[in-house]
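Quick look at entry.cif (mmCIF, C-alpha atoms and all ligand atoms):
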```cif
data_data
loop_
_atom_site.label_atom_id
_atom_site.label_comp_id
_atom_site.auth_asym_id
_atom_site.auth_seq_id
_atom_site.Cartn_x
_atom_site.Cartn_y
_atom_site.Cartn_z
CA MET A 1 65.20 137.09 191.59
CA LYS A 2 63.91 135.31 194.66
CA VAL A 3 60.42 135.67 196.13
CA GLY A 4 60.32 136.35 199.85
CA LEU A 5 57.66 136.92 202.48
CA SER A 6 57.78 139.32 205.41
CA THR A 7 56.08 138.23 208.63
CA LEU A 8 54.49 141.69 208.88
CA PHE A 9 51.09 140.17 207.95
CA CYS A 10 51.05 138.27 211.27
CA PHE A 11 52.95 140.84 213.33
CA GLU A 12 49.97 141.25 215.69
CA GLN A 13 49.83 137.54 216.37
CA LEU A 14 51.81 135.34 218.73
CA PHE A 15 55.36 134.28 217.90
CA THR A 16 54.24 130.64 217.82
CA THR A 17 51.45 131.49 215.36
CA MET A 18 54.00 133.22 213.12
CA LEU A 19 56.15 130.06 213.21
CA ARG A 20 53.21 127.97 211.98
CA TYR A 21 52.72 130.34 209.05
CA ILE A 22 56.33 130.26 207.92
CA GLU A 23 56.50 126.47 208.19
CA THR A 24 54.14 126.26 205.21
CA ALA A 25 55.00 129.44 203.29
CA ASP A 26 55.46 128.89 199.55
CA VAL A 27 58.51 131.17 199.13
CA GLU A 28 62.30 130.90 198.97
CA SER A 29 63.05 133.53 201.57
CA ILE A 30 61.55 134.82 204.83
CA GLU A 31 61.96 138.26 206.35
CA LEU A 32 61.64 138.15 210.14
CA ILE A 33 60.83 141.21 212.23
CA ASP A 34 62.90 141.63 215.37
CA ASP A 35 60.32 143.73 217.20
CA GLY A 36 57.06 143.64 219.18
CA GLN A 37 55.81 140.16 220.07
CA HIS A 38 58.29 138.63 217.60
CA ALA A 39 61.41 140.23 219.11
CA PHE A 40 64.37 137.83 219.06
CA ASN A 41 65.94 136.08 222.02
CA GLU A 42 68.34 133.15 222.14
CA SER A 43 65.76 130.39 222.34
CA ARG A 44 63.70 131.92 219.53
CA ILE A 45 66.76 132.12 217.31
CA LYS A 46 67.37 128.42 217.95
CA THR A 47 63.78 127.55 216.98
CA LEU A 48 63.93 129.79 213.91
CA LYS A 49 67.19 128.20 212.78
CA GLU A 50 65.59 124.74 212.86
CA ILE A 51 62.64 125.84 210.69
CA VAL A 52 64.89 127.76 208.31
CA LYS A 53 67.10 124.72 207.88
CA LYS A 54 64.18 122.32 207.43
CA ARG A 55 62.54 124.53 204.79
CA GLY A 56 65.78 125.61 203.12
CA PHE A 57 64.86 129.28 203.43
CA ALA A 58 67.17 132.20 202.93
CA THR A 59 66.42 134.84 205.57
CA SER A 60 66.61 138.56 206.09
CA VAL A 61 65.81 140.49 209.24
CA HIS A 62 63.84 143.69 209.67
CA ALA A 63 65.46 145.73 212.42
CA PRO A 64 63.43 146.99 215.38
CA PHE A 65 61.58 150.11 214.25
CA MET A 66 58.99 151.00 216.93
CA ASN A 67 60.10 154.20 218.69
CA VAL A 68 63.47 153.87 216.97
CA ASN A 69 65.14 157.02 215.69
CA ILE A 70 68.82 156.61 214.84
CA ALA A 71 69.06 160.39 214.38
CA SER A 72 67.91 161.11 217.94
CA SER A 73 69.55 164.29 219.24
CA SER A 74 69.52 162.93 222.81
CA LYS A 75 72.78 161.16 223.52
CA SER A 76 71.34 158.73 226.05
CA VAL A 77 68.33 157.86 223.89
CA ARG A 78 70.57 157.30 220.88
CA THR A 79 72.94 155.08 222.91
CA SER A 80 70.05 152.93 224.03
CA ILE A 81 68.64 152.66 220.48
CA MET A 82 72.03 151.77 219.01
CA SER A 83 72.63 149.06 221.59
CA ARG A 84 69.22 147.51 220.84
CA LEU A 85 69.97 147.61 217.10
CA LYS A 86 73.40 146.06 217.57
CA LYS A 87 71.85 143.21 219.54
CA SER A 88 69.51 142.67 216.59
CA ILE A 89 72.50 142.53 214.23
CA GLN A 90 74.17 139.89 216.43
CA TYR A 91 71.03 137.75 216.41
CA SER A 92 70.84 138.13 212.64
CA GLY A 93 74.41 136.88 212.40
CA ASP A 94 73.49 133.84 214.55
CA LEU A 95 70.54 133.17 212.30
CA GLY A 96 72.78 133.34 209.22
CA SER A 97 70.77 136.14 207.66
CA ARG A 98 72.18 137.87 204.63
CA TYR A 99 70.49 141.25 205.02
CA TRP A 100 69.54 143.33 208.02
CA VAL A 101 67.10 146.05 206.95
CA PHE A 102 66.84 149.26 208.95
CA HIS A 103 64.98 152.55 208.72
CA PRO A 104 66.68 155.93 208.27
CA GLY A 105 66.55 158.47 211.09
CA LEU A 106 63.75 160.95 211.60
CA GLN A 107 63.89 164.70 211.86
CA THR A 108 63.61 165.65 215.53
CA ASP A 109 62.19 168.71 217.27
CA VAL A 110 65.61 170.33 217.04
CA GLY A 111 65.58 169.73 213.28
CA GLN A 112 63.60 172.85 212.51
CA PHE A 113 66.36 174.95 214.08
CA SER A 114 69.33 172.85 213.06
CA SER A 115 68.54 170.39 210.28
CA GLU A 116 72.25 169.67 209.83
CA LEU A 117 72.46 168.08 213.31
CA ASP A 118 69.82 165.48 212.41
CA TRP A 119 71.48 164.80 209.08
CA LYS A 120 74.92 164.43 210.68
CA THR A 121 73.68 162.15 213.50
CA ASN A 122 71.85 160.03 210.93
CA LEU A 123 75.07 159.60 208.91
CA GLU A 124 77.09 158.70 212.01
CA SER A 125 74.56 156.10 213.16
CA ILE A 126 74.33 154.54 209.72
CA ARG A 127 78.11 154.22 209.49
CA GLU A 128 78.28 152.68 212.97
CA LEU A 129 75.57 150.12 212.19
CA PHE A 130 76.98 149.22 208.79
CA ASP A 131 80.49 148.67 210.20
CA PHE A 132 79.15 146.72 213.18
CA ALA A 133 77.09 144.44 210.92
CA GLU A 134 80.13 143.68 208.76
CA GLN A 135 81.91 142.25 211.81
CA PHE A 136 79.06 139.76 212.25
CA GLY A 137 78.89 138.70 208.62
CA VAL A 138 75.61 140.57 208.08
CA THR A 139 74.99 143.16 205.38
CA ALA A 140 73.07 146.15 206.69
CA THR A 141 70.78 147.78 204.12
CA ILE A 142 68.81 150.98 204.49
CA GLU A 143 65.16 151.37 203.50
CA ASN A 144 63.49 154.44 201.96
CA GLY A 145 61.09 156.09 204.41
CA LEU A 146 57.90 157.87 203.51
CA HIS A 147 55.96 161.09 203.85
CA PRO A 148 54.21 162.25 206.06
CA LEU A 149 56.58 160.76 208.66
CA PRO A 150 59.64 163.03 209.04
CA PHE A 151 62.15 160.50 207.66
CA LEU A 152 65.42 162.10 206.61
CA LEU A 153 65.65 159.78 203.59
CA LYS A 154 62.50 159.46 201.50
CA THR A 155 63.14 160.43 197.89
CA ALA A 156 65.72 159.29 195.35
CA ASP A 157 67.28 162.77 195.60
CA ASP A 158 67.57 162.40 199.42
CA PHE A 159 69.51 159.19 198.82
CA LEU A 160 71.72 160.81 196.15
CA ARG A 161 72.68 163.48 198.68
CA PHE A 162 73.15 160.83 201.36
CA TYR A 163 75.49 158.69 199.24
CA LYS A 164 77.48 161.80 198.28
CA ASP A 165 77.99 162.73 201.95
CA PHE A 166 78.53 159.14 203.10
CA GLY A 167 81.32 158.57 200.60
CA GLU A 168 82.49 155.38 198.91
CA THR A 169 80.42 152.49 200.31
CA THR A 170 78.87 149.14 199.58
CA LEU A 171 75.84 150.06 201.72
CA GLY A 172 72.87 149.09 199.59
CA LEU A 173 69.28 150.27 199.48
CA THR A 174 66.17 148.28 200.30
CA LEU A 175 63.68 149.76 197.88
CA ASP A 176 60.24 149.78 199.48
CA ILE A 177 57.86 150.07 196.54
CA GLY A 178 54.84 150.95 198.69
CA HIS A 179 56.70 153.79 200.39
CA ALA A 180 58.08 154.99 197.05
CA ASN A 181 54.54 154.95 195.60
CA VAL A 182 53.22 157.24 198.36
CA ASN A 183 56.04 159.65 197.55
CA ASN A 184 55.68 159.30 193.78
CA GLN A 185 59.23 158.04 193.58
CA ILE A 186 59.16 154.51 192.08
CA ASN A 187 60.53 155.51 188.69
CA TRP A 188 63.09 157.88 190.18
CA PHE A 189 64.68 155.19 192.34
CA PHE A 190 65.09 152.86 189.34
CA GLU A 191 66.37 155.73 187.22
CA LYS A 192 68.74 157.43 189.67
CA LEU A 193 69.97 154.61 191.95
CA PRO A 194 69.77 151.34 189.98
CA GLU A 195 73.12 150.01 191.18
CA LYS A 196 72.29 150.68 194.86
CA ILE A 197 69.12 148.54 195.04
CA VAL A 198 70.02 145.22 196.72
CA HIS A 199 66.78 144.20 198.44
CA ALA A 200 63.10 145.12 198.06
CA HIS A 201 59.80 145.34 199.92
CA LEU A 202 56.64 144.94 197.84
CA HIS A 203 53.19 146.03 198.99
CA ASP A 204 50.43 148.13 197.48
CA ASN A 205 48.53 151.33 198.31
CA HIS A 206 46.52 154.08 196.63
CA GLY A 207 49.37 156.58 196.66
CA LYS A 208 48.13 158.43 199.73
CA SER A 209 49.13 156.37 202.78
CA ASP A 210 51.13 153.31 203.79
CA GLU A 211 48.28 150.80 203.51
CA HIS A 212 50.45 147.67 203.03
CA LEU A 213 47.81 146.11 200.76
CA GLY A 214 48.15 142.97 198.70
CA LEU A 215 49.75 143.31 195.25
CA GLY A 216 47.06 144.55 192.87
CA ASP A 217 44.80 146.00 195.59
CA GLY A 218 46.15 149.55 195.18
CA ASN A 219 47.41 151.63 192.26
CA VAL A 220 51.00 150.39 191.85
CA ASP A 221 51.67 149.15 188.30
CA TRP A 222 53.20 145.77 189.24
CA GLN A 223 53.91 144.60 185.73
CA LYS A 224 55.91 147.76 185.09
CA THR A 225 57.62 147.50 188.51
CA VAL A 226 58.71 143.87 188.06
CA ARG A 227 59.97 144.79 184.57
CA ALA A 228 62.01 147.59 186.12
CA PHE A 229 63.65 145.11 188.53
CA LYS A 230 64.47 142.89 185.54
CA ARG A 231 65.83 145.86 183.59
CA ILE A 232 68.32 146.71 186.35
CA SER A 233 69.31 143.00 186.55
CA PHE A 234 68.19 142.82 190.18
CA LYS A 235 69.69 139.73 191.82
CA GLY A 236 68.15 140.05 195.28
CA THR A 237 64.87 139.10 196.91
CA LEU A 238 61.48 140.68 196.26
CA VAL A 239 59.91 140.46 199.70
CA ILE A 240 56.11 140.64 199.91
CA GLU A 241 55.42 143.03 202.77
CA SER A 242 51.63 143.16 202.51
CA ALA A 243 49.51 142.98 205.65
CA LYS A 244 46.74 141.06 203.87
CA ASN A 245 46.10 138.91 200.79
CA VAL A 246 49.55 137.47 201.18
CA GLU A 247 48.92 134.17 199.35
CA GLU A 248 47.44 135.98 196.36
CA SER A 249 50.34 138.43 196.33
CA ILE A 250 52.91 135.62 196.26
CA GLN A 251 51.17 133.94 193.32
CA ARG A 252 50.76 137.22 191.45
CA LEU A 253 54.41 138.07 191.90
CA LYS A 254 55.53 134.63 190.71
CA GLU A 255 53.41 135.03 187.57
CA LEU A 256 54.86 138.46 186.85
CA ILE A 257 58.44 137.22 187.30
CA ALA A 258 57.79 134.27 184.95
CA ARG A 259 56.41 136.58 182.23
CA PRO A 260 58.96 137.40 179.54
MN MN A 301 59.25 148.15 204.15
#
```
Go ahead and render the structure in this file as structure tokens.
Ligand SMILES: [Mn+2]
Amino acid sequence: MKVGLSTLFCFEQLFTTMLRYIETADVESIELIDDGQHAFNESRIKTLKEIVKKRGFATSVHAPFMNVNIASSSKSVRTSIMSRLKKSIQYSGDLGSRYWVFHPGLQTDVGQFSSELDWKTNLESIRELFDFAEQFGVTATIENGLHPLPFLLKTADDFLRFYKDFGETTLGLTLDIGHANVNNQINWFFEKLPEKIVHAHLHDNHGKSDEHLGLGDGNVDWQKTVRAFKRISFKGTLVIESAKNVEESIQRLKELIARP
């Protein structure tokens, strides 16, 4: 199990400020966000590659997510979203990132009349992204969304239905513990989908909203959660995705991993 850090905690700051943070981060892996002020371009990828090489980091990339709905029922909107996401996949390939993490689609206004259309569009987009990523040597992985946002995939049962409809696949799940906590789903994901979990986002909350707190600042039982990752023989990266108390969270996680 590797310890990683998401740049979400400095997402509001300049790209150059983010670079300074990752140059000194005490982790094995960095998750970069291809959105907002940190959105990738060719020269930024070049700079990132130099830092990644110097520090010996493994990397993953968080796909653009602001105003992104892969289940959009508008053909032109969906085309534009998919082309932006594919560009992100190409950059991730250039960067040499193992995983490219993306959000499931959202129920649209049409969903209340025809929920199957949203579900079907979501499946089609996921297949397209997963296949596209494979061509660039990147593994796309889908993250569990959370209530009250109208994500089509939130609970372990949503994912069971999804995998049944999607068919035989190596598409893995990025288990977001904070999101799962809001939906009371942490145990269910470990119980129902242990072999699908390939990557993870760790942050805390009080079970009501997506607070992205430091580990131990909400009500997630981290000792139990880290034990659950050990129990399923998780081989991936536990990425700290807290917006604050990042240093403390890294140290806490390292201690929990070292505990027998
Ligand atoms: Mn997340």
Find the residues near Gln13 of chain A: any atom within 12 Å, counting only C-alpha atoms, skip ones fewer than 5 places away on the same chain, and give them as an NGL selection string.
:A and (7-8 or 18-21 or 36-38)
Contacts to ligand MN 301 (chain A) at 8 Å cut-off (only C-alpha atoms and all ligand atoms) as a list in words
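Checking only C-alpha atoms and all ligand atoms against ligand MN 301 (chain A) at 8 Å gives Glu143, Asn144, Thr174, Leu175, Asp176, Ile177, Gly178, His179, Ala200, His201, Leu202 and Glu241 of chain A.
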Would you mind listing what lies within 9 Å of Thr108 of chain A as a PyMOL selection string, with all atoms listed in the file counted and same-chain residues fewer than 3 positions away left out?
chain A and resi 69+71-73+105+111-112+115+118+150
Could you pull the residues within 12 Å of segment 221-229 of chain A, counting only C-alpha atoms, minus those fewer than 3 positions along the same chain, as JSON, numbers by chain?
{"A": [1, 2, 3, 175, 176, 177, 178, 180, 181, 185, 186, 187, 188, 189, 190, 191, 193, 194, 195, 197, 198, 199, 200, 201, 202, 203, 204, 205, 206, 207, 214, 215, 216, 217, 218, 232, 233, 234, 235, 236, 237, 238, 249, 252, 253, 254, 255, 256, 257, 258, 259, 260]}
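If only C-alpha atoms are the atoms counted, then among A:Glu23, A:Met66, A:Gln107, A:Cys10 the closest residue to Arg84 of chain A is A:Met66.
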Output, as lines of an AutoDock Vina configuration file, the centre and edge lengths in Å (one decimal) of the axis-aligned box that contains all listed atoms of segment 159-162 of chain A with 6 Å of margin on each side.
```
center_x = 71.3
center_y = 161.3
center_z = 198.8
size_x = 15.6
size_y = 16.3
size_z = 17.2
```
Can you work out the spacing between atom CA of Ser76 of chain A and atom CA of His103 of chain A in Å, to one decimal?
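A separation of 19.5 Å between them.
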